[in-house]
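Text of the file structure.txt, holding compact mmCIF, C-alpha atoms and all ligand atoms:
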# COMPACT_ATOMS: atom_id res chain seq x y z
CA GLY A 1 0.00 0.00 0.00
CA GLY A 2 0.81 3.65 0.25
CA GLY A 3 1.62 3.84 -3.44
CA ALA A 4 -0.41 4.89 -6.41
CA GLY A 5 -3.91 3.98 -5.35
CA PRO A 6 -6.70 4.83 -7.75
CA GLN A 7 -7.23 8.12 -5.91
CA GLN A 8 -3.79 9.39 -6.91
CA ALA A 9 -4.56 8.84 -10.53
CA ARG A 10 -7.73 10.90 -10.27
CA GLY A 11 -5.89 14.03 -9.15
CA GLY A 12 -6.84 16.05 -6.16
CA ALA A 13 -5.58 13.46 -3.68
CA ILE A 14 -5.88 14.66 -0.12
CA GLN A 15 -2.52 14.87 1.58
CA GLY A 16 -2.22 12.40 4.42
CA ILE A 17 -5.23 10.29 3.40
CA ARG A 18 -4.21 7.02 1.85
CA SER A 19 -7.56 5.82 0.67
CA ILE A 20 -11.12 7.09 0.54
CA ILE A 21 -13.98 4.61 0.49
CA ALA A 22 -17.57 5.62 -0.26
CA VAL A 23 -20.49 3.83 1.36
CA ALA A 24 -23.51 4.29 -0.87
CA SER A 25 -27.05 3.06 -1.42
CA GLY A 26 -29.67 3.50 -4.07
CA LYS A 27 -32.25 4.76 -1.58
CA GLY A 28 -32.54 5.90 2.01
CA GLY A 29 -33.32 3.82 5.04
CA VAL A 30 -31.40 0.70 4.07
CA GLY A 31 -28.79 1.14 6.80
CA LYS A 32 -26.10 2.90 4.80
CA SER A 33 -25.04 5.17 7.69
CA THR A 34 -25.17 2.31 10.18
CA THR A 35 -22.94 0.29 7.88
CA ALA A 36 -20.57 3.21 7.23
CA ALA A 37 -20.06 3.82 10.96
CA ASN A 38 -19.63 0.17 11.90
CA LEU A 39 -17.34 -0.45 8.93
CA ALA A 40 -15.18 2.48 10.04
CA PHE A 41 -14.85 1.10 13.58
CA ALA A 42 -14.25 -2.39 12.25
CA LEU A 43 -11.40 -1.03 10.11
CA ALA A 44 -10.04 0.79 13.16
CA ARG A 45 -10.14 -2.48 15.11
CA ASN A 46 -7.88 -3.87 12.41
CA GLY A 47 -5.28 -1.34 13.49
CA LEU A 48 -5.91 1.29 10.81
CA SER A 49 -6.23 5.00 11.45
CA VAL A 50 -9.70 5.88 10.24
CA GLY A 51 -11.92 8.90 9.63
CA ILE A 52 -15.60 9.23 8.80
CA LEU A 53 -16.94 11.95 6.54
CA ASP A 54 -20.71 12.23 6.77
CA ALA A 55 -21.59 13.43 3.28
CA ASP A 56 -25.31 12.95 3.81
CA ILE A 57 -26.01 16.67 3.77
CA TYR A 58 -29.79 16.34 3.78
CA GLY A 59 -29.93 13.92 6.66
CA PRO A 60 -26.63 13.76 8.52
CA SER A 61 -26.64 10.70 10.79
CA MET A 62 -23.21 10.75 12.41
CA PRO A 63 -23.97 13.25 15.20
CA ARG A 64 -26.69 10.97 16.57
CA LEU A 65 -25.05 7.68 15.65
CA LEU A 66 -21.86 8.66 17.43
CA GLY A 67 -23.36 10.78 20.19
CA LEU A 68 -21.43 13.86 19.08
CA THR A 69 -22.84 17.26 19.96
CA ALA A 70 -19.75 19.51 20.19
CA LYS A 71 -18.90 22.08 17.53
CA PRO A 72 -15.61 21.47 15.71
CA GLU A 73 -12.89 24.02 16.54
CA ALA A 74 -11.11 26.16 13.98
CA ILE A 75 -7.36 25.61 13.81
CA ASP A 76 -6.73 28.69 11.71
CA GLU A 77 -8.63 30.70 9.13
CA LYS A 78 -8.69 27.84 6.70
CA ARG A 79 -8.90 24.63 8.62
CA ILE A 80 -11.12 23.02 11.22
CA LYS A 81 -10.46 20.14 13.53
CA PRO A 82 -12.60 17.03 13.14
CA LEU A 83 -14.37 15.62 16.19
CA GLU A 84 -13.38 12.21 17.50
CA ALA A 85 -15.44 9.19 18.55
CA HIS A 86 -13.87 6.04 19.97
CA GLY A 87 -10.57 6.82 18.27
CA VAL A 88 -12.06 7.65 14.86
CA LYS A 89 -12.05 11.19 13.44
CA VAL A 90 -15.44 12.42 12.31
CA MET A 91 -16.76 15.33 10.30
CA SER A 92 -20.42 15.98 9.55
CA ILE A 93 -22.40 18.91 8.25
CA GLY A 94 -24.59 18.15 11.25
CA PHE A 95 -21.83 19.55 13.52
CA LEU A 96 -21.92 22.86 11.69
CA VAL A 97 -25.59 23.57 11.12
CA ASP A 98 -28.72 23.38 13.25
CA PRO A 99 -29.82 19.75 13.08
CA GLU A 100 -33.46 20.86 13.26
CA ALA A 101 -33.21 23.19 10.26
CA PRO A 102 -34.16 21.48 7.01
CA MET A 103 -31.47 21.58 4.35
CA ILE A 104 -32.82 22.85 1.08
CA TRP A 105 -29.55 23.17 -0.75
CA ARG A 106 -29.20 22.71 -4.44
CA GLY A 107 -26.82 20.17 -5.93
CA PRO A 108 -23.85 22.51 -6.56
CA MET A 109 -24.01 23.84 -2.98
CA VAL A 110 -23.98 20.32 -1.63
CA VAL A 111 -20.94 19.45 -3.69
CA SER A 112 -19.04 22.56 -2.61
CA ALA A 113 -19.92 22.05 1.07
CA LEU A 114 -18.64 18.51 0.84
CA THR A 115 -15.50 19.48 -1.00
CA GLN A 116 -14.75 21.86 1.87
CA MET A 117 -15.48 19.25 4.50
CA LEU A 118 -13.06 16.98 2.71
CA ARG A 119 -10.25 19.43 2.03
CA ASP A 120 -10.48 22.02 4.83
CA VAL A 121 -10.65 19.55 7.68
CA ALA A 122 -7.39 18.67 9.42
CA TRP A 123 -7.73 14.91 9.05
CA GLY A 124 -4.05 14.28 9.71
CA ASP A 125 -2.70 10.94 8.54
CA LEU A 126 -5.45 8.44 7.77
CA ASP A 127 -5.24 4.98 6.31
CA VAL A 128 -8.89 5.13 5.36
CA LEU A 129 -11.54 7.82 5.19
CA VAL A 130 -15.03 6.30 5.05
CA VAL A 131 -17.51 8.59 3.29
CA ASP A 132 -21.18 8.12 4.13
CA MET A 133 -22.67 9.21 0.80
CA PRO A 134 -26.08 10.83 0.38
CA PRO A 135 -28.62 8.18 -0.67
CA GLY A 136 -29.53 7.89 -4.32
CA THR A 137 -27.84 8.04 -7.67
CA GLY A 138 -28.64 11.53 -8.91
CA ASP A 139 -26.44 14.35 -10.18
CA THR A 140 -25.21 15.28 -6.70
CA GLN A 141 -23.95 11.80 -6.02
CA LEU A 142 -22.41 11.59 -9.46
CA THR A 143 -20.58 14.91 -9.10
CA LEU A 144 -19.47 13.93 -5.65
CA ALA A 145 -18.10 10.62 -6.89
CA GLN A 146 -16.21 12.58 -9.54
CA ASN A 147 -14.87 15.24 -7.16
CA VAL A 148 -13.81 13.02 -4.32
CA PRO A 149 -10.75 10.93 -5.11
CA LEU A 150 -12.36 7.60 -4.29
CA ALA A 151 -10.46 4.33 -4.01
CA GLY A 152 -13.73 2.43 -4.24
CA ALA A 153 -17.35 2.12 -3.23
CA VAL A 154 -19.27 -0.22 -0.95
CA ILE A 155 -22.95 -0.55 -1.88
CA VAL A 156 -25.48 -1.26 0.88
CA SER A 157 -28.77 -2.90 0.01
CA THR A 158 -31.59 -4.73 1.73
CA PRO A 159 -32.75 -8.03 0.26
CA GLN A 160 -35.89 -6.49 -1.19
CA ASP A 161 -36.11 -6.28 -4.95
CA LEU A 162 -36.75 -2.57 -4.99
CA ALA A 163 -33.64 -1.86 -2.98
CA LEU A 164 -31.72 -4.16 -5.27
CA ILE A 165 -32.87 -2.35 -8.36
CA ASP A 166 -31.73 0.87 -6.70
CA ALA A 167 -28.43 -0.69 -5.70
CA ARG A 168 -27.91 -1.65 -9.31
CA LYS A 169 -28.24 2.03 -10.26
CA GLY A 170 -25.61 2.78 -7.65
CA LEU A 171 -23.24 0.30 -9.22
CA ALA A 172 -23.82 1.78 -12.65
CA MET A 173 -23.17 5.28 -11.33
CA PHE A 174 -19.79 4.40 -9.87
CA GLU A 175 -18.86 2.44 -12.96
CA LYS A 176 -19.63 5.50 -15.06
CA VAL A 177 -17.01 7.51 -13.17
CA ASP A 178 -14.53 4.61 -13.04
CA VAL A 179 -14.74 4.10 -9.29
CA PRO A 180 -14.16 0.42 -8.48
CA ILE A 181 -16.99 -1.35 -6.67
CA LEU A 182 -15.50 -2.96 -3.58
CA GLY A 183 -18.62 -5.02 -3.07
CA ILE A 184 -22.22 -5.25 -1.93
CA VAL A 185 -23.40 -5.57 1.68
CA GLU A 186 -26.81 -7.07 2.40
CA ASN A 187 -28.22 -5.27 5.43
CA MET A 188 -31.32 -6.35 7.35
CA SER A 189 -30.59 -9.66 5.74
CA HIS A 190 -32.54 -11.72 8.27
CA PHE A 191 -34.11 -11.10 11.64
CA VAL A 192 -32.56 -12.51 14.78
CA CYS A 193 -35.01 -12.57 17.69
CA PRO A 194 -33.34 -10.96 20.71
CA HIS A 195 -35.32 -13.28 23.01
CA CYS A 196 -34.92 -16.72 21.51
CA GLY A 197 -32.16 -16.11 18.95
CA GLU A 198 -34.22 -17.67 16.17
CA ARG A 199 -33.55 -16.46 12.66
CA SER A 200 -36.39 -15.34 10.32
CA ASP A 201 -35.94 -14.27 6.71
CA VAL A 202 -38.31 -11.29 6.90
CA PHE A 203 -37.54 -9.82 3.50
CA GLY A 204 -36.33 -13.00 1.91
CA THR A 205 -32.61 -13.43 1.98
CA GLY A 206 -29.72 -13.96 -0.39
CA GLY A 207 -31.01 -11.41 -2.91
CA ALA A 208 -27.94 -9.24 -2.66
CA ARG A 209 -25.61 -12.24 -2.86
CA HIS A 210 -27.22 -13.43 -6.08
CA GLU A 211 -27.31 -9.95 -7.49
CA ALA A 212 -23.65 -9.40 -6.64
CA GLU A 213 -22.76 -12.65 -8.38
CA ARG A 214 -24.85 -11.73 -11.39
CA LEU A 215 -23.17 -8.33 -11.67
CA GLY A 216 -19.72 -9.68 -11.08
CA ALA A 217 -19.38 -7.63 -7.88
CA ARG A 218 -18.00 -8.99 -4.66
CA PHE A 219 -20.46 -10.00 -1.92
CA LEU A 220 -19.16 -8.55 1.33
CA GLY A 221 -21.59 -10.17 3.72
CA GLU A 222 -24.94 -10.22 5.45
CA ILE A 223 -25.80 -7.98 8.39
CA PRO A 224 -28.76 -9.26 10.42
CA LEU A 225 -31.73 -7.09 11.35
CA HIS A 226 -31.09 -7.00 15.06
CA MET A 227 -32.53 -4.79 17.76
CA ALA A 228 -29.12 -4.24 19.35
CA ILE A 229 -27.76 -2.70 16.15
CA ARG A 230 -30.48 -0.04 16.21
CA GLU A 231 -30.33 0.46 19.97
CA ARG A 232 -26.56 0.88 20.04
CA SER A 233 -26.75 3.33 17.16
CA ASP A 234 -29.43 5.35 18.90
CA SER A 235 -27.38 5.51 22.07
CA GLY A 236 -24.34 6.83 20.21
CA THR A 237 -22.04 3.79 20.39
CA PRO A 238 -22.18 1.57 17.30
CA ILE A 239 -22.39 -2.17 17.91
CA VAL A 240 -18.83 -2.86 16.77
CA VAL A 241 -17.60 -0.67 19.65
CA ALA A 242 -20.33 -1.48 22.19
CA GLU A 243 -20.51 -5.27 21.76
CA PRO A 244 -17.35 -6.16 19.87
CA ASP A 245 -17.73 -9.91 20.36
CA SER A 246 -21.39 -10.20 19.40
CA PRO A 247 -22.35 -11.99 16.16
CA GLN A 248 -23.74 -8.65 14.91
CA ALA A 249 -20.38 -6.93 15.39
CA ARG A 250 -18.63 -9.88 13.79
CA ALA A 251 -20.81 -9.49 10.70
CA PHE A 252 -19.44 -5.97 10.30
CA MET A 253 -15.88 -7.16 11.01
CA ASP A 254 -16.28 -9.62 8.13
CA VAL A 255 -17.32 -6.79 5.82
CA ALA A 256 -14.18 -4.87 6.85
CA THR A 257 -12.04 -7.93 6.12
CA GLY A 258 -13.59 -8.09 2.65
CA VAL A 259 -12.85 -4.42 2.03
CA LEU A 260 -9.20 -4.63 3.19
P1 LIG B 1 -29.68 5.00 5.79
O1 LIG B 1 -28.35 5.62 6.10
O2 LIG B 1 -29.62 4.03 4.65
O3 LIG B 1 -30.79 5.99 5.62
P2 LIG B 1 -29.66 4.18 8.57
O4 LIG B 1 -28.29 3.63 8.74
O5 LIG B 1 -29.91 5.55 9.10
O6 LIG B 1 -30.09 4.11 7.04
O7 LIG B 1 -30.69 3.13 9.21
C1 LIG B 1 -32.07 3.40 9.25
C2 LIG B 1 -32.62 2.89 10.57
O8 LIG B 1 -32.53 1.46 10.60
C3 LIG B 1 -31.87 3.38 11.80
O9 LIG B 1 -32.77 3.56 12.84
C4 LIG B 1 -30.92 2.23 12.11
O10 LIG B 1 -30.57 2.17 13.49
C5 LIG B 1 -31.75 1.03 11.70
N1 LIG B 1 -30.93 -0.08 11.23
C6 LIG B 1 -30.04 -0.09 10.21
N2 LIG B 1 -29.51 -1.30 10.04
C7 LIG B 1 -30.05 -2.11 10.98
C8 LIG B 1 -29.91 -3.49 11.35
N3 LIG B 1 -29.09 -4.29 10.67
N4 LIG B 1 -30.63 -3.94 12.40
C9 LIG B 1 -31.47 -3.13 13.08
N5 LIG B 1 -31.67 -1.84 12.79
C10 LIG B 1 -30.97 -1.33 11.75
Show this structure as structure tokens.
Ligand code: ADP
Amino acid sequence: GGGAGPQQARGGAIQGIRSIIAVASGKGGVGKSTTAANLAFALARNGLSVGILDADIYGPSMPRLLGLTAKPEAIDEKRIKPLEAHGVKVMSIGFLVDPEAPMIWRGPMVVSALTQMLRDVAWGDLDVLVVDMPPGTGDTQLTLAQNVPLAGAVIVSTPQDLALIDARKGLAMFEKVDVPILGIVENMSHFVCPHCGERSDVFGTGGARHEAERLGARFLGEIPLHMAIRERSDSGTPIVVAEPDSPQARAFMDVATGVL
């Protein structure tokens, strides 16, 4: 590593950041932010120095997911310091604006805000910056994928057909801008009852695995629909940090292994 990753070839590499990975989904609510956060902590548990950039301008999740309420400090006129959660550096538009105020920005404003969050934040030396992308495959996402020197993209999908069709659009979008697809994660793959531990395939399962195979993309793993994943997120400590030895955390660790 450390050499000419794909991001170097795309120009505009960010000094000190070795590789930038986007976590994307075709639509909202599939667990993209949950996956981005847990993937970041799973990578950190592998000994990497990691940052998270919450690029979901319209619905930033990281402040709540990571229990961060402080305002980032300015270092000088040009640069601000990221916040930190459990050893991972984090930047989110949610730290800078009123979380209650609806964001009605137009595409170009979103892209310029994100470019600033990427380039004017003192990330320091990072092995990996995980970018939680805005959901969808529209112009904003496309421009973002072009402007951010991405090493690759992880696509999150639920097993449902609709989500898979959307995920397919996500794949096509990244292919269009020559960003390698690192693989597909199936989230909410099956339900594990917190009381009896029994597994139920609520949405049907294996859809993402088949789709990944069909598209020639890597299948990075199944994340169960589990109450503890939601509860830990809501309380500001993602499952990989809160219950590192649980099967749910291990599912995310496996995704990280696939990405590495
Ligand atoms: P997105 O970023 O795709 O909009 P989120 O990561 O915000 O989705 O997840 C949406 C909601 O579903 C959140 O409340 C989150 O805690 C919950 N959630 C996501 N993945 C799981 C899972 N595997 N098990 C249980 N709840 C989940």
- Message: Taking only C-alpha atoms and all ligand atoms into account, which residues have an atom no farther than 10 Å from ligand LIG 1 (chain B)? I'd like them as a VMD selection string.
- Response: chain A and resid 23 to 38 56 59 to 62 64 to 65 132 to 136 156 to 158 186 to 192 222 to 235 238 248 251 to 252
- Message: Between atom CA of Ile165 of chain A and atom CA of Leu182 of chain A, what is the distance in Å, rounded to a tenth?
- Response: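 Result for atom CA of Ile165 of chain A versus atom CA of Leu182 of chain A: 18.0 Å, one decimal.
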- Which residue gives the smallest distance to Ile14 of chain A among A:Pro149, A:Pro82, A:Gly216, A:Gly258, with all atoms listed in the file counted?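 For Ile14 of chain A, the nearest of the candidates is A:Pro149.
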- Item | For Trp123 of chain A, the nearest of the candidates A:Gly51, A:Gly170, A:Gly107, A:Pro180, counting only C-alpha atoms |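 The answer is A:Gly51, which sits nearest to Trp123 of chain A.
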- Distance in Å - atom CA of Leu48 of chain A versus atom CA of Asp127 of chain A: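 Taking atom CA of Leu48 of chain A as the start and atom CA of Asp127 of chain A as the end point, the length is 5.9 Å.
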- Message: Neighbouring residues of Asp120 of chain A were defined as those with any atom within 9 Å, considering all atoms listed in the file; residues of the same chain fewer than 2 positions away were excluded. Please report them as a ChimeraX atom specification.
- Response: /A:78-81,115-118,122-123
Any chance you could work out the axis-aligned box around segment 23-26 of chain A, listed atoms only, 6 Å on each side, giving centre and edge lengths in Å to one decimal, as AutoDock Vina command-line options?
--center_x -25.1 --center_y 3.7 --center_z -1.4 --size_x 21.2 --size_y 13.2 --size_z 17.4
- For the point (-17.9, 12.6, -5.6) in file coordinates, what residues are within 10 Å, counting only C-alpha atoms? Give the answer as a ChimeraX atom specification? /A:22,55,111,114-115,131,133,139-150,174,177,179
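Here atom CA of Ala242 of chain A and atom CA of Lys71 of chain A stand 24.1 Å from one another.
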- Item | Best match for closeness to Ile184 of chain A among A:Leu215, A:Leu171, A:Ile155, A:Val90, counting all atoms listed in the file |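 Ranking A:Leu215, A:Leu171, A:Ile155, A:Val90 by distance to Ile184 of chain A, first place goes to A:Ile155.
The shortest atom-to-atom distance to Val88 of chain A, with only C-alpha atoms taken into account, belongs to A:Val241 out of A:Ile181, A:Phe203, A:Gln15, A:Val241.
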- Using all atoms listed in the file, which of the listed residues (A:Thr205, A:Ser246, A:Thr137, A:Ser49) sits closest to Glu175 of chain A?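 Comparing A:Thr205, A:Ser246, A:Thr137, A:Ser49 against Glu175 of chain A, the winner is A:Thr137.
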- Do a neighbour search on Ala212 of chain A at 10 Å with all atoms listed in the file, toss out local chain neighbours closer than 2 positions, and write the hits as a list in words.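 Residues near the query, excluding close chain neighbours: Leu164, Ala167, Arg168, Gly183, Ile184, Val185, Glu186, Gly206, Gly207, Ala208, Arg209, His210, Arg214, Leu215, Gly216, Ala217, Arg218, Phe219 and Leu220 of chain A.
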